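Structure data (CSV, N, CA and C atoms and all ligand atoms) from run_2.csv:
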```
chain,number,residue,atom,x,y,z
A,1,MET,N,203.8,75.6,124.5
A,1,MET,CA,204.6,76.6,123.8
A,1,MET,C,205.6,76.0,122.8
A,2,GLY,N,206.8,76.6,122.7
A,2,GLY,CA,207.8,76.1,121.8
A,2,GLY,C,207.5,76.4,120.4
A,3,SER,N,207.1,77.7,120.1
A,3,SER,CA,207.0,78.1,118.7
A,3,SER,C,207.6,79.5,118.5
A,4,VAL,N,208.0,79.7,117.3
A,4,VAL,CA,208.6,81.0,116.9
A,4,VAL,C,207.7,81.7,115.9
A,5,GLN,N,207.3,82.9,116.3
A,5,GLN,CA,206.4,83.7,115.4
A,5,GLN,C,207.2,84.7,114.7
A,6,SER,N,206.9,84.9,113.4
A,6,SER,CA,207.5,86.0,112.6
A,6,SER,C,206.5,86.4,111.5
A,7,GLU,N,207.0,87.4,110.8
A,7,GLU,CA,206.2,87.9,109.7
A,7,GLU,C,207.0,87.8,108.4
A,8,ILE,N,206.2,87.4,107.3
A,8,ILE,CA,206.9,87.4,106.0
A,8,ILE,C,205.9,88.1,105.0
A,9,LYS,N,206.4,88.3,103.8
A,9,LYS,CA,205.6,88.9,102.8
A,9,LYS,C,204.7,87.8,102.1
A,10,CYS,N,203.4,88.0,102.0
A,10,CYS,CA,202.5,87.0,101.5
A,10,CYS,C,202.8,86.8,100.0
A,11,PRO,N,202.9,85.5,99.6
A,11,PRO,CA,203.2,85.2,98.2
A,11,PRO,C,202.0,85.5,97.3
A,12,GLN,N,200.8,85.6,97.9
A,12,GLN,CA,199.6,85.8,97.0
A,12,GLN,C,199.4,87.3,96.8
A,13,CYS,N,199.4,88.1,97.9
A,13,CYS,CA,199.0,89.5,97.8
A,13,CYS,C,200.1,90.5,98.2
A,14,GLY,N,201.2,90.0,98.7
A,14,GLY,CA,202.3,90.9,99.2
A,14,GLY,C,202.0,91.5,100.5
A,15,GLY,N,201.0,91.1,101.1
A,15,GLY,CA,200.6,91.7,102.4
A,15,GLY,C,201.3,91.0,103.6
A,16,ARG,N,200.8,91.3,104.8
A,16,ARG,CA,201.5,90.8,106.0
A,16,ARG,C,201.0,89.4,106.3
A,17,MET,N,202.0,88.5,106.3
A,17,MET,CA,201.7,87.1,106.6
A,17,MET,C,202.4,86.7,107.9
A,18,PHE,N,201.6,86.1,108.8
A,18,PHE,CA,202.2,85.7,110.1
A,18,PHE,C,202.6,84.2,110.0
A,19,THR,N,203.7,83.9,110.6
A,19,THR,CA,204.1,82.5,110.6
A,19,THR,C,204.3,82.1,112.0
A,20,ASP,N,204.0,80.8,112.3
A,20,ASP,CA,204.1,80.3,113.6
A,20,ASP,C,204.8,78.9,113.4
A,21,TYR,N,206.0,78.8,113.9
A,21,TYR,CA,206.8,77.6,113.6
A,21,TYR,C,207.1,76.9,115.0
A,22,TYR,N,206.7,75.6,115.0
A,22,TYR,CA,206.9,74.8,116.2
A,22,TYR,C,208.2,74.0,116.0
A,23,TYR,N,209.3,74.4,116.6
A,23,TYR,CA,210.5,73.7,116.3
A,23,TYR,C,210.6,72.3,116.8
A,24,LYS,N,209.9,72.0,117.9
A,24,LYS,CA,210.0,70.6,118.5
A,24,LYS,C,209.4,69.6,117.5
A,25,THR,N,208.3,70.0,116.8
A,25,THR,CA,207.7,69.0,115.9
A,25,THR,C,207.9,69.3,114.4
A,26,ASP,N,208.6,70.5,114.2
A,26,ASP,CA,208.8,70.9,112.8
A,26,ASP,C,207.5,71.2,112.1
A,27,GLU,N,206.5,71.7,112.8
A,27,GLU,CA,205.2,72.1,112.2
A,27,GLU,C,205.2,73.6,112.0
A,28,GLU,N,204.5,74.0,111.0
A,28,GLU,CA,204.4,75.4,110.7
A,28,GLU,C,203.0,75.8,110.2
A,29,TYR,N,202.6,77.0,110.7
A,29,TYR,CA,201.3,77.5,110.2
A,29,TYR,C,201.6,78.9,109.7
A,30,ARG,N,201.0,79.3,108.6
A,30,ARG,CA,201.2,80.6,108.0
A,30,ARG,C,199.8,81.2,107.6
A,31,PHE,N,199.5,82.4,107.9
A,31,PHE,CA,198.3,83.0,107.4
A,31,PHE,C,198.5,84.4,107.2
A,32,CYS,N,197.8,84.9,106.1
A,32,CYS,CA,198.0,86.3,105.7
A,32,CYS,C,196.8,87.1,106.3
A,33,SER,N,197.1,88.2,106.8
A,33,SER,CA,196.1,89.1,107.4
A,33,SER,C,195.5,90.0,106.4
A,34,CYS,N,195.8,89.9,105.2
A,34,CYS,CA,195.2,90.7,104.1
A,34,CYS,C,194.3,89.9,103.2
A,35,CYS,N,194.9,89.0,102.5
A,35,CYS,CA,194.0,88.2,101.5
A,35,CYS,C,193.5,86.9,102.2
A,36,GLY,N,194.0,86.5,103.3
A,36,GLY,CA,193.5,85.4,104.0
A,36,GLY,C,194.1,84.0,103.6
A,37,LYS,N,195.2,84.1,102.8
A,37,LYS,CA,195.8,82.9,102.4
A,37,LYS,C,196.3,82.1,103.6
A,38,TYR,N,196.2,80.8,103.6
A,38,TYR,CA,196.6,79.9,104.7
A,38,TYR,C,197.4,78.7,104.2
A,39,GLU,N,198.5,78.5,104.9
A,39,GLU,CA,199.4,77.4,104.5
A,39,GLU,C,199.9,76.7,105.8
A,40,SER,N,199.9,75.4,105.8
A,40,SER,CA,200.4,74.8,107.0
A,40,SER,C,201.1,73.4,106.7
A,41,TRP,N,202.0,73.1,107.5
A,41,TRP,CA,202.7,71.8,107.5
A,41,TRP,C,202.5,71.2,108.9
A,42,THR,N,201.7,70.2,108.9
A,42,THR,CA,201.4,69.6,110.3
A,42,THR,C,201.6,68.1,110.3
A,43,LEU,N,201.9,67.6,111.4
A,43,LEU,CA,202.1,66.1,111.6
A,43,LEU,C,200.7,65.4,111.4
A,44,VAL,N,200.8,64.3,110.8
A,44,VAL,CA,199.6,63.5,110.7
A,44,VAL,C,199.3,62.8,112.0
A,45,ARG,N,198.1,63.0,112.5
A,45,ARG,CA,197.7,62.4,113.8
A,45,ARG,C,196.5,61.5,113.6
A,46,ASP,N,196.3,60.5,114.4
A,46,ASP,CA,195.1,59.7,114.3
A,46,ASP,C,193.9,60.4,115.1
A,47,ASP,N,192.8,59.8,115.2
A,47,ASP,CA,191.6,60.4,115.8
A,47,ASP,C,191.8,60.7,117.3
A,48,CYS,N,192.8,60.0,117.9
A,48,CYS,CA,193.1,60.2,119.3
A,48,CYS,C,194.2,61.3,119.5
A,49,GLY,N,194.7,61.8,118.4
A,49,GLY,CA,195.7,62.8,118.5
A,49,GLY,C,197.1,62.3,118.6
A,50,LYS,N,197.2,61.0,118.4
A,50,LYS,CA,198.5,60.3,118.4
A,50,LYS,C,199.2,60.5,117.0
A,51,ILE,N,200.5,60.8,117.1
A,51,ILE,CA,201.2,61.0,115.8
A,51,ILE,C,201.4,59.6,115.0
A,52,VAL,N,201.0,59.7,113.8
A,52,VAL,CA,201.0,58.5,112.9
A,52,VAL,C,202.4,58.4,112.3
A,53,LEU,N,203.0,57.2,112.4
A,53,LEU,CA,204.4,57.0,111.8
A,53,LEU,C,204.3,56.2,110.5
A,54,LYS,N,205.3,56.5,109.6
A,54,LYS,CA,205.4,55.7,108.4
A,54,LYS,C,206.0,54.4,108.7
A,55,LYS,N,206.0,53.5,107.7
A,55,LYS,CA,206.5,52.1,107.9
A,55,LYS,C,208.0,52.2,108.4
A,56,ASN,N,208.7,53.2,107.9
A,56,ASN,CA,210.1,53.3,108.3
A,56,ASN,C,210.3,54.0,109.7
A,57,GLY,N,209.2,54.2,110.4
A,57,GLY,CA,209.3,54.8,111.7
A,57,GLY,C,209.4,56.4,111.7
A,58,LYS,N,209.3,57.0,110.5
A,58,LYS,CA,209.4,58.4,110.4
A,58,LYS,C,208.0,59.0,110.5
A,59,VAL,N,208.0,60.3,110.9
A,59,VAL,CA,206.7,61.0,111.0
A,59,VAL,C,206.2,61.4,109.6
A,60,LYS,N,204.9,61.6,109.5
A,60,LYS,CA,204.3,62.0,108.2
A,60,LYS,C,203.8,63.5,108.4
A,61,TYR,N,203.9,64.2,107.4
A,61,TYR,CA,203.3,65.6,107.4
A,61,TYR,C,202.2,65.8,106.4
A,62,THR,N,201.3,66.7,106.7
A,62,THR,CA,200.3,67.1,105.8
A,62,THR,C,200.6,68.5,105.4
A,63,HIS,N,200.5,68.8,104.1
A,63,HIS,CA,200.7,70.2,103.7
A,63,HIS,C,199.4,70.7,103.1
A,64,ILE,N,198.9,71.8,103.7
A,64,ILE,CA,197.7,72.4,103.3
A,64,ILE,C,198.1,73.8,102.7
A,65,ASN,N,197.6,74.1,101.5
A,65,ASN,CA,197.9,75.3,100.9
A,65,ASN,C,196.6,75.9,100.3
A,66,ARG,N,196.0,76.8,101.1
A,66,ARG,CA,194.7,77.3,100.7
A,66,ARG,C,194.8,78.8,100.2
A,67,LYS,N,194.2,79.0,99.1
A,67,LYS,CA,194.2,80.4,98.5
A,67,LYS,C,193.4,81.3,99.4
A,68,GLY,N,193.7,82.6,99.5
A,68,GLY,CA,193.0,83.5,100.3
A,68,GLY,C,191.8,84.1,99.5
A,69,TYR,N,190.7,84.3,100.2
A,69,TYR,CA,189.5,85.0,99.6
A,69,TYR,C,189.2,86.2,100.3
A,70,GLY,N,189.9,86.5,101.4
A,70,GLY,CA,189.6,87.7,102.1
A,70,GLY,C,189.8,87.5,103.6
A,71,CYS,N,189.6,88.5,104.4
A,71,CYS,CA,189.9,88.5,105.8
A,71,CYS,C,188.9,89.5,106.5
A,72,ALA,N,188.5,89.1,107.7
A,72,ALA,CA,187.7,90.0,108.5
A,72,ALA,C,188.4,90.2,109.8
A,73,CYS,N,188.7,91.4,110.2
A,73,CYS,CA,189.3,91.6,111.5
A,73,CYS,C,188.4,92.3,112.4
A,74,LEU,N,188.1,91.8,113.6
A,74,LEU,CA,187.3,92.5,114.6
A,74,LEU,C,188.2,92.8,115.8
A,75,ALA,N,188.3,94.1,116.1
A,75,ALA,CA,189.1,94.5,117.2
A,75,ALA,C,188.2,95.0,118.3
A,76,PHE,N,188.6,94.6,119.5
A,76,PHE,CA,187.8,95.0,120.7
A,76,PHE,C,188.5,96.1,121.4
A,77,SER,N,187.7,96.9,122.2
A,77,SER,CA,188.3,98.0,122.9
A,77,SER,C,189.3,97.6,124.0
A,78,ASP,N,189.3,96.3,124.4
A,78,ASP,CA,190.3,95.9,125.4
A,78,ASP,C,191.6,95.4,124.7
A,79,GLY,N,191.7,95.6,123.4
A,79,GLY,CA,193.0,95.4,122.7
A,79,GLY,C,193.0,94.0,122.0
A,80,VAL,N,192.1,93.2,122.3
A,80,VAL,CA,192.0,91.8,121.7
A,80,VAL,C,191.5,92.0,120.3
A,81,SER,N,192.0,91.2,119.3
A,81,SER,CA,191.4,91.2,118.0
A,81,SER,C,191.3,89.8,117.4
A,82,GLN,N,190.3,89.6,116.6
A,82,GLN,CA,190.1,88.3,116.0
A,82,GLN,C,190.2,88.4,114.5
A,83,VAL,N,190.9,87.6,113.9
A,83,VAL,CA,191.0,87.6,112.4
A,83,VAL,C,190.3,86.4,111.8
A,84,HIS,N,189.4,86.6,111.0
A,84,HIS,CA,188.7,85.4,110.3
A,84,HIS,C,189.2,85.4,108.9
A,85,HIS,N,189.6,84.2,108.4
A,85,HIS,CA,190.0,84.0,107.0
A,85,HIS,C,188.9,83.3,106.2
A,86,PHE,N,188.6,83.9,105.1
A,86,PHE,CA,187.6,83.3,104.3
A,86,PHE,C,188.2,82.3,103.4
A,87,SER,N,187.6,81.1,103.3
A,87,SER,CA,188.1,80.1,102.5
A,87,SER,C,187.3,79.9,101.2
A,88,SER,N,186.3,80.8,101.0
A,88,SER,CA,185.5,80.9,99.8
A,88,SER,C,185.2,82.4,99.6
A,89,PRO,N,184.8,82.9,98.4
A,89,PRO,CA,184.6,84.3,98.2
A,89,PRO,C,183.6,84.9,99.2
A,90,VAL,N,183.9,86.1,99.6
A,90,VAL,CA,183.1,86.8,100.6
A,90,VAL,C,181.7,87.1,100.1
A,91,ARG,N,180.7,86.6,100.8
A,91,ARG,CA,179.3,86.7,100.4
A,91,ARG,C,178.6,87.9,101.1
A,92,LYS,N,177.4,88.2,100.6
A,92,LYS,CA,176.7,89.3,101.2
A,92,LYS,C,176.4,89.0,102.7
A,93,LYS,N,176.1,87.8,103.0
A,93,LYS,CA,175.8,87.3,104.3
A,93,LYS,C,177.0,87.6,105.3
A,94,ASP,N,178.2,87.4,104.7
A,94,ASP,CA,179.4,87.7,105.5
A,94,ASP,C,179.6,89.1,105.8
A,95,LYS,N,179.3,90.0,104.8
A,95,LYS,CA,179.3,91.4,105.0
A,95,LYS,C,178.3,91.9,106.0
A,96,ASP,N,177.1,91.4,105.9
A,96,ASP,CA,176.0,91.8,106.8
A,96,ASP,C,176.4,91.4,108.2
A,97,GLU,N,177.0,90.2,108.4
A,97,GLU,CA,177.4,89.8,109.7
A,97,GLU,C,178.5,90.7,110.3
A,98,PHE,N,179.4,91.1,109.4
A,98,PHE,CA,180.5,91.9,109.8
A,98,PHE,C,180.0,93.3,110.3
A,99,PHE,N,179.1,93.9,109.5
A,99,PHE,CA,178.6,95.2,109.9
A,99,PHE,C,177.7,95.2,111.1
A,100,ARG,N,177.1,94.0,111.3
A,100,ARG,CA,176.2,93.9,112.5
A,100,ARG,C,177.1,93.9,113.7
A,101,ILE,N,178.2,93.1,113.7
A,101,ILE,CA,179.1,93.0,114.8
A,101,ILE,C,179.8,94.4,115.1
A,102,LEU,N,180.1,95.0,114.0
A,102,LEU,CA,180.8,96.3,114.0
A,102,LEU,C,180.0,97.4,114.8
A,103,ASP,N,178.7,97.2,114.8
A,103,ASP,CA,177.9,98.2,115.5
A,103,ASP,C,177.6,97.9,116.9
A,104,SER,N,178.1,96.7,117.4
A,104,SER,CA,177.9,96.4,118.8
A,104,SER,C,178.9,97.1,119.7
A,105,THR,N,178.6,97.1,121.0
A,105,THR,CA,179.4,97.8,121.9
A,105,THR,C,180.7,97.0,122.2
A,106,GLY,N,181.7,97.7,122.6
A,106,GLY,CA,183.0,97.1,122.9
A,106,GLY,C,183.9,96.8,121.7
A,107,ILE,N,183.5,97.4,120.5
A,107,ILE,CA,184.2,97.2,119.3
A,107,ILE,C,185.0,98.5,119.0
A,108,ASP,N,186.3,98.3,118.7
A,108,ASP,CA,187.2,99.4,118.3
A,108,ASP,C,187.1,99.5,116.8
A,109,LYS,N,186.1,100.3,116.3
A,109,LYS,CA,185.9,100.3,114.8
A,109,LYS,C,187.1,100.7,114.0
A,110,GLU,N,187.9,101.6,114.5
A,110,GLU,CA,189.1,102.1,113.8
A,110,GLU,C,190.1,101.0,113.4
A,111,LYS,N,190.1,99.9,114.2
A,111,LYS,CA,191.1,98.9,114.0
A,111,LYS,C,190.4,97.7,113.2
A,112,CYS,N,189.2,97.7,113.0
A,112,CYS,CA,188.5,96.6,112.3
A,112,CYS,C,188.7,96.8,110.8
A,113,TYR,N,188.6,95.7,110.1
A,113,TYR,CA,188.6,95.7,108.6
A,113,TYR,C,188.0,94.5,108.0
A,114,LEU,N,187.5,94.7,106.8
A,114,LEU,CA,186.9,93.6,106.0
A,114,LEU,C,187.5,93.7,104.6
A,115,LEU,N,188.2,92.7,104.2
A,115,LEU,CA,188.9,92.7,102.9
A,115,LEU,C,188.5,91.6,102.1
A,116,LYS,N,188.5,91.8,100.8
A,116,LYS,CA,188.3,90.6,99.9
A,116,LYS,C,189.3,90.6,98.8
A,117,TRP,N,189.5,89.4,98.3
A,117,TRP,CA,190.4,89.1,97.2
A,117,TRP,C,189.7,89.4,95.9
A,118,ASP,N,190.2,90.2,95.1
A,118,ASP,CA,189.6,90.5,93.8
A,118,ASP,C,190.4,89.7,92.8
A,119,ALA,N,189.7,88.7,92.2
A,119,ALA,CA,190.3,87.8,91.2
A,119,ALA,C,190.7,88.5,89.9
A,120,VAL,N,190.0,89.5,89.6
A,120,VAL,CA,190.2,90.2,88.3
A,120,VAL,C,191.5,91.1,88.4
A,121,SER,N,191.6,91.9,89.4
A,121,SER,CA,192.7,92.8,89.5
A,121,SER,C,193.9,92.1,90.3
A,122,LYS,N,193.6,90.9,90.8
A,122,LYS,CA,194.6,90.1,91.6
A,122,LYS,C,195.2,90.9,92.7
A,123,SER,N,194.3,91.5,93.4
A,123,SER,CA,194.7,92.3,94.6
A,123,SER,C,193.7,92.3,95.7
A,124,VAL,N,194.1,92.8,96.9
A,124,VAL,CA,193.2,92.8,98.0
A,124,VAL,C,192.4,94.1,97.9
A,125,VAL,N,191.1,94.1,98.1
A,125,VAL,CA,190.2,95.2,98.0
A,125,VAL,C,189.6,95.4,99.4
A,126,SER,N,189.6,96.6,99.9
A,126,SER,CA,188.9,96.9,101.2
A,126,SER,C,187.5,97.2,101.0
A,127,ILE,N,186.7,96.5,101.8
A,127,ILE,CA,185.2,96.7,101.9
A,127,ILE,C,185.0,97.7,103.0
A,128,TYR,N,185.8,97.5,104.1
A,128,TYR,CA,185.8,98.4,105.2
A,128,TYR,C,187.2,98.4,105.9
A,129,GLY,N,187.6,99.6,106.2
A,129,GLY,CA,188.9,99.8,107.0
A,129,GLY,C,190.1,99.8,106.1
A,130,GLN,N,191.2,99.8,106.9
A,130,GLN,CA,192.6,99.9,106.3
A,130,GLN,C,193.1,98.5,106.0
A,131,ILE,N,193.9,98.4,104.9
A,131,ILE,CA,194.5,97.1,104.6
A,131,ILE,C,195.9,97.1,105.3
A,132,PRO,N,196.2,96.1,106.1
A,132,PRO,CA,197.5,96.1,106.8
A,132,PRO,C,198.6,96.0,105.8
A,133,LYS,N,199.6,96.7,106.0
A,133,LYS,CA,200.8,96.8,105.1
A,133,LYS,C,201.9,95.9,105.7
A,134,TYR,N,202.6,95.3,104.8
A,134,TYR,CA,203.8,94.6,105.2
A,134,TYR,C,205.0,95.5,105.1
A,135,GLU,N,205.7,95.7,106.2
A,135,GLU,CA,206.8,96.6,106.2
A,135,GLU,C,208.1,95.9,106.1
A,136,GLU,N,208.8,96.2,105.0
A,136,GLU,CA,210.1,95.5,104.8
A,136,GLU,C,211.2,96.1,105.6
A,137,GLU,N,212.0,95.2,106.2
A,137,GLU,CA,213.0,95.7,107.1
A,137,GLU,C,214.3,96.2,106.3
B,201,ZN,ZN,198.0,87.7,101.3
```
Could the structure of this file be written out as structure tokens, please?
Amino acid sequence: MGSVQSEIKCPQCGGRMFTDYYYKTDEEYRFCSCCGKYESWTLVRDDCGKIVLKKNGKVKYTHINRKGYGCACLAFSDGVSQVHHFSSPVRKKDKDEFFRILDSTGIDKEKCYLLKWDAVSKSVVSIYGQIPKYEEE
């Protein structure tokens, strides 16, 4: 454990972006549930999972900043939901897969969505379902 979760407005689409901050290690993960943008600051670890230190004994961080291409959310009737972030434009294959799963049992169709990033209009377009809105406090 040891993380703080919160929500911010996504810098790419203005949608709901979740943040997960680990205060013990100063690592942070951010992902948008609309456009699928992903950003993280994590400690550099070796193959064994050991933290790699710089020559001066300080820890090193990797910063990943990935553009969002869309999101697929599959919600199950037991309340669990899975969000998949596309790291490349949504293909026909992805859509087919989504609609195939959507028709299976145990899926709460009303809460599912498939969204894609439209590079022309620079906004999130819904292929299926509602686009989650970021509510300002
Ligand atoms: Zn976004």
Counting all atoms listed in the file, which residues of chain A fall within 7 Å of ligand ZN 201 (chain B), and what is the closest atom pair for each with its distance in Å at one decimal, ordered by chain and rising number, as JSON lines?
```
{"residue": "A:Lys9", "atom": "C", "partner": "B:ZN201", "partner_atom": "ZN", "distance": 6.7}
{"residue": "A:Cys10", "atom": "CA", "partner": "B:ZN201", "partner_atom": "ZN", "distance": 4.6}
{"residue": "A:Pro11", "atom": "N", "partner": "B:ZN201", "partner_atom": "ZN", "distance": 5.6}
{"residue": "A:Gln12", "atom": "C", "partner": "B:ZN201", "partner_atom": "ZN", "distance": 4.7}
{"residue": "A:Cys13", "atom": "N", "partner": "B:ZN201", "partner_atom": "ZN", "distance": 3.7}
{"residue": "A:Gly14", "atom": "N", "partner": "B:ZN201", "partner_atom": "ZN", "distance": 4.7}
{"residue": "A:Gly15", "atom": "N", "partner": "B:ZN201", "partner_atom": "ZN", "distance": 4.5}
{"residue": "A:Arg16", "atom": "N", "partner": "B:ZN201", "partner_atom": "ZN", "distance": 5.7}
{"residue": "A:Met17", "atom": "N", "partner": "B:ZN201", "partner_atom": "ZN", "distance": 6.5}
{"residue": "A:Phe31", "atom": "C", "partner": "B:ZN201", "partner_atom": "ZN", "distance": 6.8}
{"residue": "A:Cys32", "atom": "CA", "partner": "B:ZN201", "partner_atom": "ZN", "distance": 4.6}
{"residue": "A:Ser33", "atom": "N", "partner": "B:ZN201", "partner_atom": "ZN", "distance": 5.6}
{"residue": "A:Cys34", "atom": "C", "partner": "B:ZN201", "partner_atom": "ZN", "distance": 4.7}
{"residue": "A:Cys35", "atom": "N", "partner": "B:ZN201", "partner_atom": "ZN", "distance": 3.6}
{"residue": "A:Gly36", "atom": "N", "partner": "B:ZN201", "partner_atom": "ZN", "distance": 4.6}
{"residue": "A:Lys37", "atom": "N", "partner": "B:ZN201", "partner_atom": "ZN", "distance": 4.8}
{"residue": "A:Gly68", "atom": "CA", "partner": "B:ZN201", "partner_atom": "ZN", "distance": 6.6}
```
Find the residues around Pro89 (chain A) up to 10 Å (only C-alpha atoms counted), leave out those fewer than 3 positions away in its own chain, and share them as a PDB file with N, CA and C atoms, in the coordinates of the input.
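Final output, saved to part.pdb:
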```
ATOM      1  N   GLY A  68     193.700  82.600  99.500  1.00  0.00           N
ATOM      2  CA  GLY A  68     193.000  83.500 100.300  1.00  0.00           C
ATOM      3  C   GLY A  68     191.800  84.100  99.500  1.00  0.00           C
ATOM      4  N   TYR A  69     190.700  84.300 100.200  1.00  0.00           N
ATOM      5  CA  TYR A  69     189.500  85.000  99.600  1.00  0.00           C
ATOM      6  C   TYR A  69     189.200  86.200 100.300  1.00  0.00           C
ATOM      7  N   GLY A  70     189.900  86.500 101.400  1.00  0.00           N
ATOM      8  CA  GLY A  70     189.600  87.700 102.100  1.00  0.00           C
ATOM      9  C   GLY A  70     189.800  87.500 103.600  1.00  0.00           C
ATOM     10  N   PHE A  86     188.600  83.900 105.100  1.00  0.00           N
ATOM     11  CA  PHE A  86     187.600  83.300 104.300  1.00  0.00           C
ATOM     12  C   PHE A  86     188.200  82.300 103.400  1.00  0.00           C
ATOM     13  N   LYS A  92     177.400  88.200 100.600  1.00  0.00           N
ATOM     14  CA  LYS A  92     176.700  89.300 101.200  1.00  0.00           C
ATOM     15  C   LYS A  92     176.400  89.000 102.700  1.00  0.00           C
ATOM     16  N   ASP A  94     178.200  87.400 104.700  1.00  0.00           N
ATOM     17  CA  ASP A  94     179.400  87.700 105.500  1.00  0.00           C
ATOM     18  C   ASP A  94     179.600  89.100 105.800  1.00  0.00           C
ATOM     19  N   LYS A 116     188.500  91.800 100.800  1.00  0.00           N
ATOM     20  CA  LYS A 116     188.300  90.600  99.900  1.00  0.00           C
ATOM     21  C   LYS A 116     189.300  90.600  98.800  1.00  0.00           C
ATOM     22  N   TRP A 117     189.500  89.400  98.300  1.00  0.00           N
ATOM     23  CA  TRP A 117     190.400  89.100  97.200  1.00  0.00           C
ATOM     24  C   TRP A 117     189.700  89.400  95.900  1.00  0.00           C
ATOM     25  N   ASP A 118     190.200  90.200  95.100  1.00  0.00           N
ATOM     26  CA  ASP A 118     189.600  90.500  93.800  1.00  0.00           C
ATOM     27  C   ASP A 118     190.400  89.700  92.800  1.00  0.00           C
ATOM     28  N   ALA A 119     189.700  88.700  92.200  1.00  0.00           N
ATOM     29  CA  ALA A 119     190.300  87.800  91.200  1.00  0.00           C
ATOM     30  C   ALA A 119     190.700  88.500  89.900  1.00  0.00           C
TER      31      ALA A 119
END
```
query: Between A:Thr42, A:Thr105, A:Gln5, A:Ser88, which is the closest to Arg66 (chain A) once you count only C-alpha atoms?
result: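 Result for the nearest residue to Arg66 (chain A): A:Ser88.
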field: Interatomic distance, atom N of Lys122 (chain A) to atom N of Cys71 (chain A) (Å, one decimal)
entry: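 Rounded to one decimal, the two atoms are 14.4 Å apart.
Relative to atom N of Glu27 (chain A), CA of Trp41 (chain A) is found at 6.5 Å.
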message: List as a PyMOL selection string the protein and nucleic acid residues near Ile64 (chain A), meaning an atom at most 8 Å away when only C-alpha atoms are counted, but skip any in the same chain fewer than 3 places from it.
response: chain A and resi 38-41
Write a file of the selected residues as a tab-separated table (two decimals), keeping the file's coordinate frame, keeping N, CA and C atoms.
```
chain	number	residue	atom	x	y	z
A	38	TYR	N	196.20	80.80	103.60
A	38	TYR	CA	196.60	79.90	104.70
A	38	TYR	C	197.40	78.70	104.20
A	39	GLU	N	198.50	78.50	104.90
A	39	GLU	CA	199.40	77.40	104.50
A	39	GLU	C	199.90	76.70	105.80
A	40	SER	N	199.90	75.40	105.80
A	40	SER	CA	200.40	74.80	107.00
A	40	SER	C	201.10	73.40	106.70
A	41	TRP	N	202.00	73.10	107.50
A	41	TRP	CA	202.70	71.80	107.50
A	41	TRP	C	202.50	71.20	108.90
```
